[in-house]
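Enquirer: To be precise about what I am sending: the file is called final.tsv and holds TSV, C-alpha atoms and all ligand atoms.
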chain	number	residue	atom	x	y	z
C	1	MET	CA	-74.03	-39.32	69.28
C	2	LYS	CA	-76.54	-37.59	67.01
C	3	THR	CA	-76.33	-34.00	68.21
C	4	ALA	CA	-76.52	-30.51	66.80
C	5	THR	CA	-76.04	-26.98	68.06
C	6	VAL	CA	-78.86	-24.56	67.27
C	7	ALA	CA	-79.71	-20.99	68.23
C	8	CYS	CA	-82.81	-20.53	70.36
C	9	PRO	CA	-85.47	-18.79	68.19
C	10	PHE	CA	-86.41	-16.58	71.15
C	11	CYS	CA	-83.14	-15.53	72.83
C	12	SER	CA	-80.49	-16.64	70.27
C	13	THR	CA	-78.53	-18.61	72.87
C	14	LEU	CA	-76.75	-21.59	71.31
C	15	ASN	CA	-77.99	-24.92	72.63
C	16	ARG	CA	-76.55	-28.39	72.09
C	17	VAL	CA	-79.40	-30.82	71.46
C	18	ASP	CA	-79.68	-34.59	71.33
C	19	LEU	CA	-81.45	-35.21	68.02
C	20	THR	CA	-82.53	-38.71	69.02
C	21	ARG	CA	-84.84	-37.01	71.52
C	22	VAL	CA	-86.58	-34.36	69.40
C	23	ALA	CA	-89.92	-35.94	70.25
C	24	ASP	CA	-89.37	-34.70	73.83
C	25	ARG	CA	-89.41	-31.12	72.48
C	26	PRO	CA	-86.04	-29.84	73.74
C	27	LYS	CA	-86.06	-26.49	75.50
C	28	CYS	CA	-83.55	-23.65	75.60
C	29	GLY	CA	-81.18	-23.89	78.58
C	30	GLN	CA	-81.22	-20.11	78.91
C	31	CYS	CA	-84.87	-19.01	78.55
C	32	GLY	CA	-86.70	-22.34	78.84
C	33	ARG	CA	-88.73	-21.88	75.68
C	34	PRO	CA	-88.98	-24.63	73.01
C	35	LEU	CA	-86.21	-24.82	70.39
C	36	LEU	CA	-88.72	-25.51	67.57
C	37	LEU	CA	-86.67	-28.05	65.62
C	38	ASP	CA	-89.77	-28.89	63.57
C	39	ARG	CA	-89.33	-25.77	61.43
C	40	PRO	CA	-86.46	-23.90	59.76
C	41	LEU	CA	-84.27	-22.20	62.38
C	42	ALA	CA	-82.57	-18.88	61.79
C	43	VAL	CA	-78.81	-18.82	61.48
C	44	SER	CA	-76.60	-15.70	61.27
C	45	ASP	CA	-73.09	-14.51	60.45
C	46	ASP	CA	-72.29	-14.84	64.15
C	47	ASN	CA	-73.21	-18.48	64.60
C	48	PHE	CA	-73.17	-19.96	61.09
C	49	GLU	CA	-69.81	-21.72	61.33
C	50	LYS	CA	-70.48	-23.11	64.78
C	51	VAL	CA	-73.94	-24.45	63.86
C	52	ILE	CA	-72.81	-26.01	60.57
C	53	GLY	CA	-69.63	-27.44	62.09
C	54	ASP	CA	-71.33	-28.96	65.14
C	55	SER	CA	-74.15	-30.77	63.36
C	56	LYS	CA	-73.86	-34.55	63.25
C	57	VAL	CA	-76.68	-34.69	60.69
C	58	PRO	CA	-76.83	-33.08	57.23
C	59	VAL	CA	-77.82	-29.41	57.19
C	60	LEU	CA	-79.97	-27.67	54.59
C	61	VAL	CA	-79.62	-23.88	54.55
C	62	ASP	CA	-82.14	-21.62	52.84
C	63	PHE	CA	-80.45	-18.38	51.79
C	64	TYR	CA	-83.39	-15.99	51.46
C	65	ALA	CA	-84.58	-12.40	51.83
C	66	ASP	CA	-87.86	-10.99	53.14
C	67	TRP	CA	-88.67	-9.20	49.86
C	68	CYS	CA	-88.09	-12.27	47.69
C	69	GLY	CA	-91.31	-13.70	46.21
C	70	PRO	CA	-89.89	-17.09	45.13
C	71	CYS	CA	-88.49	-17.48	48.68
C	72	LYS	CA	-92.03	-17.17	50.05
C	73	ILE	CA	-93.18	-19.88	47.66
C	74	MET	CA	-90.45	-22.17	48.95
C	75	ALA	CA	-91.08	-21.50	52.63
C	76	PRO	CA	-94.00	-23.92	53.17
C	77	ILE	CA	-92.07	-26.71	51.41
C	78	LEU	CA	-89.10	-26.14	53.70
C	79	ASP	CA	-91.42	-26.06	56.73
C	80	GLU	CA	-92.75	-29.44	55.67
C	81	ILE	CA	-89.27	-30.91	55.16
C	82	ALA	CA	-88.09	-29.59	58.54
C	83	GLN	CA	-91.08	-31.18	60.20
C	84	THR	CA	-90.97	-34.59	58.51
C	85	ARG	CA	-87.18	-34.95	58.77
C	86	GLN	CA	-86.61	-33.47	62.21
C	87	GLY	CA	-83.86	-35.38	63.98
C	88	ASP	CA	-82.31	-36.56	60.68
C	89	LEU	CA	-81.79	-33.22	59.00
C	90	LEU	CA	-81.27	-29.71	60.28
C	91	VAL	CA	-83.11	-27.06	58.25
C	92	LEU	CA	-81.78	-23.52	58.66
C	93	LYS	CA	-82.58	-20.17	57.10
C	94	LEU	CA	-80.20	-17.28	56.57
C	95	ASP	CA	-81.43	-13.76	55.82
C	96	THR	CA	-79.00	-12.66	53.09
C	97	ASP	CA	-79.66	-8.94	53.69
C	98	ARG	CA	-78.75	-9.11	57.36
C	99	ASN	CA	-75.92	-11.62	56.98
C	100	GLN	CA	-73.85	-10.47	54.04
C	101	ARG	CA	-70.57	-11.94	55.29
C	102	THR	CA	-71.85	-15.51	55.04
C	103	SER	CA	-73.73	-14.79	51.79
C	104	GLN	CA	-70.56	-13.46	50.19
C	105	ARG	CA	-68.46	-16.30	51.49
C	106	PHE	CA	-70.72	-18.77	49.71
C	107	GLY	CA	-71.03	-16.60	46.60
C	108	ILE	CA	-74.80	-16.30	46.78
C	109	ARG	CA	-75.91	-14.51	43.60
C	110	GLY	CA	-79.55	-15.49	43.38
C	111	ILE	CA	-82.13	-16.29	46.01
C	112	PRO	CA	-83.52	-18.53	47.14
C	113	THR	CA	-80.38	-20.65	47.18
C	114	LEU	CA	-80.45	-23.93	49.07
C	115	ILE	CA	-77.11	-25.36	50.15
C	116	LEU	CA	-76.75	-28.82	51.60
C	117	PHE	CA	-73.91	-29.37	54.06
C	118	SER	CA	-72.65	-32.66	55.36
C	119	LYS	CA	-69.91	-32.95	58.00
C	120	GLY	CA	-69.42	-29.19	57.76
C	121	GLU	CA	-68.76	-29.18	54.01
C	122	GLU	CA	-70.93	-28.04	51.13
C	123	VAL	CA	-72.23	-31.06	49.24
C	124	SER	CA	-74.60	-29.51	46.76
C	125	ARG	CA	-76.64	-26.41	46.04
C	126	GLN	CA	-79.74	-25.34	44.15
C	127	THR	CA	-80.62	-21.79	43.12
C	128	GLY	CA	-84.16	-20.63	42.42
C	129	ALA	CA	-87.54	-21.86	43.60
C	130	VAL	CA	-87.94	-25.55	42.86
C	131	PRO	CA	-90.66	-28.10	43.57
C	132	LYS	CA	-90.36	-30.47	46.51
C	133	PRO	CA	-89.09	-33.49	44.50
C	134	GLU	CA	-86.06	-31.47	43.43
C	135	ILE	CA	-85.29	-30.59	47.03
C	136	GLU	CA	-85.65	-34.26	47.95
C	137	ALA	CA	-83.18	-35.12	45.16
C	138	LEU	CA	-80.77	-32.54	46.55
C	139	LEU	CA	-81.09	-34.05	50.04
C	140	ALA	CA	-80.39	-37.52	48.66
C	141	ARG	CA	-76.84	-36.36	47.93
C	142	ALA	CA	-76.05	-36.06	51.65
C	143	ARG	CA	-73.31	-38.39	52.79
C	201	ZN	ZN	-83.75	-19.21	74.62
Take the structure in the file and give it back as structure tokens.
Expert:
Amino acid sequence: MKTATVACPFCSTLNRVDLTRVADRPKCGQCGRPLLLDRPLAVSDDNFEKVIGDSKVPVLVDFYADWCGPCKIMAPILDEIAQTRQGDLLVLKLDTDRNQRTSQRFGIRGIPTLILFSKGEEVSRQTGAVPKPEIEALLARAR
């Protein structure tokens, strides 16, 4: 089954969702608010492994920081990708300042860095702000 585990953007509770039913706007089992799968969802040191490992669809992670100008340029492109591909791709964002354990584990040296995961493994990565076609090319490498 096409499922993924994501953290609720409001209360951080992990929720297992059926991605074939994203059109029904899945809600958090804990707080009842919408899980907002149509935009990049925050991921942290605490839940990174669980979220990446549980996803039955490819996952694109945006390693960013609040002070990073190029990251802000990329944000609307990633919003668009999350919206158009919801159900087929999970788009996540990781604040590298607040989540240094995961950033170090993946050897993030420059931001933004986009890493594509498939079946829990890194498939490809791209560092620096790039136009949408280059992100699409990165996504095409998903298995
Ligand atoms: Zn919630």
Enquirer: Which residues are close to segment 91-105 of chain C, i.e. within 7 Å by all atoms listed in the file, leaving aside same-chain residues fewer than 5 positions away? Reply as a list in words.
Expert: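 Within the cut-off, the hits are Pro40, Leu41, Ala42, Val43, Ser44, Asp45, Val59, Leu60, Val61, Asp62, Phe63, Tyr64, Ala65 and Ala82 of chain C.
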Enquirer: Could you work out how far atom CA of Arg16 of chain C lies from atom CA of Asp66 of chain C, giving the answer in Å with one decimal?
Expert: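 Separation of atom CA of Asp66 of chain C and atom CA of Arg16 of chain C: 28.1 Å.
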Enquirer: Can you list every residue of chain C that has an atom at most 12 Å from ligand ZN 201 (chain C), with its nearest atom pair and the distance in Å to one decimal, using all atoms listed in the file, ordered by chain then number, as JSON lines?
Expert:
{"residue": "C:Val6", "atom": "CA", "partner": "C:ZN201", "partner_atom": "ZN", "distance": 10.3}
{"residue": "C:Ala7", "atom": "CA", "partner": "C:ZN201", "partner_atom": "ZN", "distance": 7.8}
{"residue": "C:Cys8", "atom": "CA", "partner": "C:ZN201", "partner_atom": "ZN", "distance": 4.6}
{"residue": "C:Pro9", "atom": "CA", "partner": "C:ZN201", "partner_atom": "ZN", "distance": 6.7}
{"residue": "C:Phe10", "atom": "CA", "partner": "C:ZN201", "partner_atom": "ZN", "distance": 5.1}
{"residue": "C:Cys11", "atom": "CA", "partner": "C:ZN201", "partner_atom": "ZN", "distance": 4.1}
{"residue": "C:Ser12", "atom": "CA", "partner": "C:ZN201", "partner_atom": "ZN", "distance": 6.0}
{"residue": "C:Thr13", "atom": "CA", "partner": "C:ZN201", "partner_atom": "ZN", "distance": 5.5}
{"residue": "C:Leu14", "atom": "CA", "partner": "C:ZN201", "partner_atom": "ZN", "distance": 8.1}
{"residue": "C:Asn15", "atom": "CA", "partner": "C:ZN201", "partner_atom": "ZN", "distance": 8.4}
{"residue": "C:Arg16", "atom": "CA", "partner": "C:ZN201", "partner_atom": "ZN", "distance": 11.9}
{"residue": "C:Pro26", "atom": "CA", "partner": "C:ZN201", "partner_atom": "ZN", "distance": 10.9}
{"residue": "C:Lys27", "atom": "CA", "partner": "C:ZN201", "partner_atom": "ZN", "distance": 7.7}
{"residue": "C:Cys28", "atom": "CA", "partner": "C:ZN201", "partner_atom": "ZN", "distance": 4.6}
{"residue": "C:Gly29", "atom": "CA", "partner": "C:ZN201", "partner_atom": "ZN", "distance": 6.6}
{"residue": "C:Gln30", "atom": "CA", "partner": "C:ZN201", "partner_atom": "ZN", "distance": 5.1}
{"residue": "C:Cys31", "atom": "CA", "partner": "C:ZN201", "partner_atom": "ZN", "distance": 4.1}
{"residue": "C:Gly32", "atom": "CA", "partner": "C:ZN201", "partner_atom": "ZN", "distance": 6.0}
{"residue": "C:Arg33", "atom": "CA", "partner": "C:ZN201", "partner_atom": "ZN", "distance": 5.7}
{"residue": "C:Pro34", "atom": "CA", "partner": "C:ZN201", "partner_atom": "ZN", "distance": 7.7}
{"residue": "C:Leu35", "atom": "CA", "partner": "C:ZN201", "partner_atom": "ZN", "distance": 7.4}
{"residue": "C:Leu36", "atom": "CA", "partner": "C:ZN201", "partner_atom": "ZN", "distance": 10.7}
Enquirer: If you measure from atom CA of Gly120 of chain C to atom CA of Phe106 of chain C, what distance in Å do you get, rounded to one decimal?
Expert: 13.2 Å
Enquirer: How far is it from atom CA of Ala142 of chain C to atom CA of Pro58 of chain C, in Å with one decimal?
Expert: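 A separation of 6.4 Å between them.
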Enquirer: If I put a ball of radius 8 Å at (-79.2, -25.8, 44.4) in the file's coordinates, which residues poke into it when counting all atoms listed in the file, written as a ChimeraX atom specification?
Expert: /C:113-115,124-128,138
Enquirer: Which of these, C:Gly87, C:Leu78, C:Val57, C:Ala23, has the shortest distance to Glu134 of chain C once you count only C-alpha atoms?
Expert: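 Among the listed residues, C:Leu78 lies closest to Glu134 of chain C.
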Enquirer: Return the single residue from C:Ile73, C:Lys132, C:Ile81, C:Gly53 that is closest to Pro112 of chain C, with distances computed using all atoms listed in the file.
Expert: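 Closest candidate: C:Ile73.
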Enquirer: Point out the residue among C:Glu80, C:Leu37, C:Lys56, C:Glu136 with the least atom-to-atom distance to Lys119 of chain C, counting all atoms listed in the file.
Expert: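 Looking at the shortest contact to Lys119 of chain C, the residue is C:Lys56.
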Enquirer: Using all atoms listed in the file, find the one residue out of C:Pro133, C:Thr3, C:Ile111, C:Thr20 that sits nearest to Lys72 of chain C.
Expert: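 Selected residue with least distance to Lys72 of chain C: C:Ile111.
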